[in-house]
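**Q** I'd like to ask you about the structure that follows.
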Amino acid sequence: MFVNPEIPLEVLPRAEGVCWQALHPRFIRCLLVKRLLAAVAALLVLVLVYAIATYEFNPQIWLTVAAVLLACASIAASVAWPLVDVPRRGYAVRDKDILYKSGVLWQSVKAVPFNRVQHAVRGSGPVERRFGLASLTAYTAGGTGGDLRIAGLGEDTAERLRTYIVGKPGEPADASPLPAELGEAPVRHQETDAAQRG
């Protein structure tokens, strides 16, 4: 006989009880370097475009000043964004799933159950490797791409998480205890309603 009892909301686990793990401390510096490299490339393109426009069209000085100010403001905001964004990210590994929170204006919390994970991949680019960082991407059954991607992990932490997540589904629920140190540093944040609904 099919039974589907109602579960009171009071007994559901609350997001405030999650001990969020912060991303690696070098992740902000890594993002700043990447943004600065992108900004330098953008400035070179702008200088080239300005040189061509000056030669061809001889634009008025106020247009030049406005374009320079707009470009500088855009680059400054892009470079400074990791200082605001990264501290609001975090992850938590529980017995049955892994959680990842992100967002500044629009916050979200994503949960991926271990029993749906097909495989997990650890990856890093040249800048990340220079800082000793890596990302972890988990692929679930029925998904078309990476369903969960956590960037800014230490290389060792990313590999241990990958091994743990991939090995978890095939084991009994009471086996394979969680490693003692699977994070960089615990961070507790007050969760907003938007984060709890995400």
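Here's how to read the names in the structure tokens: chain A, B, ... by the order shown, residue numbers from 1 in each chain, ligand numbers from 1 in the order shown.
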Which residues, written as an NGL selection string, have at least one atom at most 10 Å from Gly125 in chain A, with only C-alpha atoms counted and residues fewer than 3 positions away on the same chain left out?
**A** :A and (128-130 or 133-135)
**Q** Return as a ChimeraX atom specification the full set of residues in range 29-186 of chain A whose backbone-based DSSP assignment is alpha helix (DSSP H).
**A** /A:29-57,61-85,126-130,155-167
**Q** Name all residues at most 12 Å from Leu23 in chain A (count only C-alpha atoms; drop same-chain ones fewer than 5 positions away) and give them as an MDAnalysis selection string.
**A** chainID A and resid 28:30 85:92 100:102 133:136 150:155 157:158 182:187
**Q** Write out the residues from the selection above, keeping N, CA and C atoms, as an mmCIF file, in the first residue's frame.
**A**
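What landed in again_39.cif:
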data_model
loop_
_atom_site.group_PDB
_atom_site.id
_atom_site.type_symbol
_atom_site.label_atom_id
_atom_site.label_comp_id
_atom_site.auth_asym_id
_atom_site.auth_seq_id
_atom_site.Cartn_x
_atom_site.Cartn_y
_atom_site.Cartn_z
ATOM 1 N N ILE A 28 40.996 34.623 -4.019
ATOM 2 C CA ILE A 28 40.752 36.032 -4.361
ATOM 3 C C ILE A 28 41.929 36.590 -5.154
ATOM 4 N N ARG A 29 43.163 36.302 -4.710
ATOM 5 C CA ARG A 29 44.333 36.784 -5.447
ATOM 6 C C ARG A 29 44.390 36.197 -6.851
ATOM 7 N N CYS A 30 44.015 34.927 -6.973
ATOM 8 C CA CYS A 30 43.995 34.281 -8.289
ATOM 9 C C CYS A 30 43.016 34.991 -9.220
ATOM 10 N N ASP A 85 32.517 39.098 -3.950
ATOM 11 C CA ASP A 85 31.855 37.844 -4.317
ATOM 12 C C ASP A 85 32.394 36.621 -3.574
ATOM 13 N N VAL A 86 33.703 36.465 -3.527
ATOM 14 C CA VAL A 86 34.300 35.236 -2.987
ATOM 15 C C VAL A 86 33.945 34.982 -1.528
ATOM 16 N N PRO A 87 33.965 35.993 -0.636
ATOM 17 C CA PRO A 87 33.610 35.708 0.759
ATOM 18 C C PRO A 87 32.182 35.208 0.949
ATOM 19 N N ARG A 88 31.328 35.398 -0.047
ATOM 20 C CA ARG A 88 29.945 34.949 0.063
ATOM 21 C C ARG A 88 29.727 33.562 -0.549
ATOM 22 N N ARG A 89 30.797 32.948 -1.022
ATOM 23 C CA ARG A 89 30.706 31.582 -1.534
ATOM 24 C C ARG A 89 31.116 30.601 -0.433
ATOM 25 N N GLY A 90 30.650 29.389 -0.546
ATOM 26 C CA GLY A 90 31.035 28.367 0.413
ATOM 27 C C GLY A 90 30.444 27.029 0.024
ATOM 28 N N TYR A 91 30.957 25.974 0.628
ATOM 29 C CA TYR A 91 30.445 24.635 0.351
ATOM 30 C C TYR A 91 30.386 23.850 1.656
ATOM 31 N N ALA A 92 29.585 22.803 1.644
ATOM 32 C CA ALA A 92 29.450 21.937 2.814
ATOM 33 C C ALA A 92 29.241 20.510 2.330
ATOM 34 N N TYR A 100 26.526 23.912 -2.205
ATOM 35 C CA TYR A 100 27.371 25.016 -2.648
ATOM 36 C C TYR A 100 26.522 26.271 -2.700
ATOM 37 N N LYS A 101 26.990 27.314 -2.033
ATOM 38 C CA LYS A 101 26.262 28.585 -2.049
ATOM 39 C C LYS A 101 27.097 29.633 -2.753
ATOM 40 N N SER A 102 26.415 30.543 -3.422
ATOM 41 C CA SER A 102 27.095 31.613 -4.144
ATOM 42 C C SER A 102 26.118 32.750 -4.363
ATOM 43 N N LEU A 133 45.633 26.018 -6.895
ATOM 44 C CA LEU A 133 44.186 25.889 -6.780
ATOM 45 C C LEU A 133 43.635 24.961 -7.854
ATOM 46 N N ALA A 134 42.425 24.485 -7.623
ATOM 47 C CA ALA A 134 41.751 23.634 -8.604
ATOM 48 C C ALA A 134 40.249 23.801 -8.422
ATOM 49 N N SER A 135 39.499 23.333 -9.402
ATOM 50 C CA SER A 135 38.040 23.344 -9.319
ATOM 51 C C SER A 135 37.533 21.914 -9.347
ATOM 52 N N LEU A 136 36.357 21.714 -8.800
ATOM 53 C CA LEU A 136 35.715 20.408 -8.780
ATOM 54 C C LEU A 136 34.378 20.517 -9.485
ATOM 55 N N ILE A 150 32.636 23.828 -8.171
ATOM 56 C CA ILE A 150 33.186 24.607 -7.071
ATOM 57 C C ILE A 150 34.607 25.001 -7.458
ATOM 58 N N ALA A 151 34.807 26.277 -7.705
ATOM 59 C CA ALA A 151 36.144 26.787 -8.035
ATOM 60 C C ALA A 151 36.775 27.346 -6.771
ATOM 61 N N GLY A 152 38.101 27.442 -6.780
ATOM 62 C CA GLY A 152 38.786 28.054 -5.655
ATOM 63 C C GLY A 152 39.132 27.110 -4.530
ATOM 64 N N LEU A 153 39.228 25.824 -4.824
ATOM 65 C CA LEU A 153 39.641 24.848 -3.820
ATOM 66 C C LEU A 153 41.145 24.643 -3.902
ATOM 67 N N GLY A 154 41.760 24.267 -2.798
ATOM 68 C CA GLY A 154 43.143 23.839 -2.843
ATOM 69 C C GLY A 154 43.233 22.550 -3.644
ATOM 70 N N GLU A 155 44.364 22.307 -4.309
ATOM 71 C CA GLU A 155 44.498 21.118 -5.152
ATOM 72 C C GLU A 155 44.250 19.836 -4.358
ATOM 73 N N THR A 157 42.540 19.500 -1.509
ATOM 74 C CA THR A 157 41.139 19.440 -1.099
ATOM 75 C C THR A 157 40.243 19.015 -2.252
ATOM 76 N N ALA A 158 40.492 19.561 -3.448
ATOM 77 C CA ALA A 158 39.687 19.211 -4.619
ATOM 78 C C ALA A 158 39.808 17.720 -4.943
ATOM 79 N N LEU A 182 38.137 18.288 5.269
ATOM 80 C CA LEU A 182 37.782 18.356 3.852
ATOM 81 C C LEU A 182 37.521 19.792 3.434
ATOM 82 N N GLY A 183 38.089 20.747 4.116
ATOM 83 C CA GLY A 183 37.850 22.124 3.749
ATOM 84 C C GLY A 183 39.016 23.002 4.105
ATOM 85 N N GLU A 184 38.893 24.263 3.723
ATOM 86 C CA GLU A 184 39.954 25.218 4.006
ATOM 87 C C GLU A 184 39.767 25.810 5.400
ATOM 88 N N ALA A 185 38.625 26.426 5.637
ATOM 89 C CA ALA A 185 38.335 27.007 6.944
ATOM 90 C C ALA A 185 36.840 27.167 7.068
ATOM 91 N N PRO A 186 36.236 26.706 8.181
ATOM 92 C CA PRO A 186 34.797 26.844 8.314
ATOM 93 C C PRO A 186 34.397 28.303 8.398
ATOM 94 N N VAL A 187 33.308 28.629 7.728
ATOM 95 C CA VAL A 187 32.791 29.987 7.759
ATOM 96 C C VAL A 187 31.312 29.909 8.030
#
**Q** Considering only C-alpha atoms, state which residue in the set A:Val93, A:Ile61, A:Leu148, A:Ile7 is at the smallest distance from Arg160 in chain A.
**A**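 Of all the options, A:Val93 lies closest to Arg160 in chain A.
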**Q** In Å, with one decimal, what is the gap from CA of Ser74 in chain A to CA of Val45 in chain A?
**A**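 Result for CA of Ser74 in chain A versus CA of Val45 in chain A: 14.5 Å, one decimal.
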**Q** My list of candidates is A:Leu48, A:Ala80, A:Val65, A:Asp97. Which is closest to Leu161 in chain A when distances are computed with only C-alpha atoms?
**A**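 Going through A:Leu48, A:Ala80, A:Val65, A:Asp97 one by one, the smallest distance to Leu161 in chain A is for A:Asp97.
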**Q** Apply DSSP to the structure's backbone, then extract all residues of range 7-181 of chain A labelled strand (DSSP E) and return them as a ChimeraX atom specification.
**A** /A:20-22,90-93,97-102,108-113,117-123,133-140,148-154
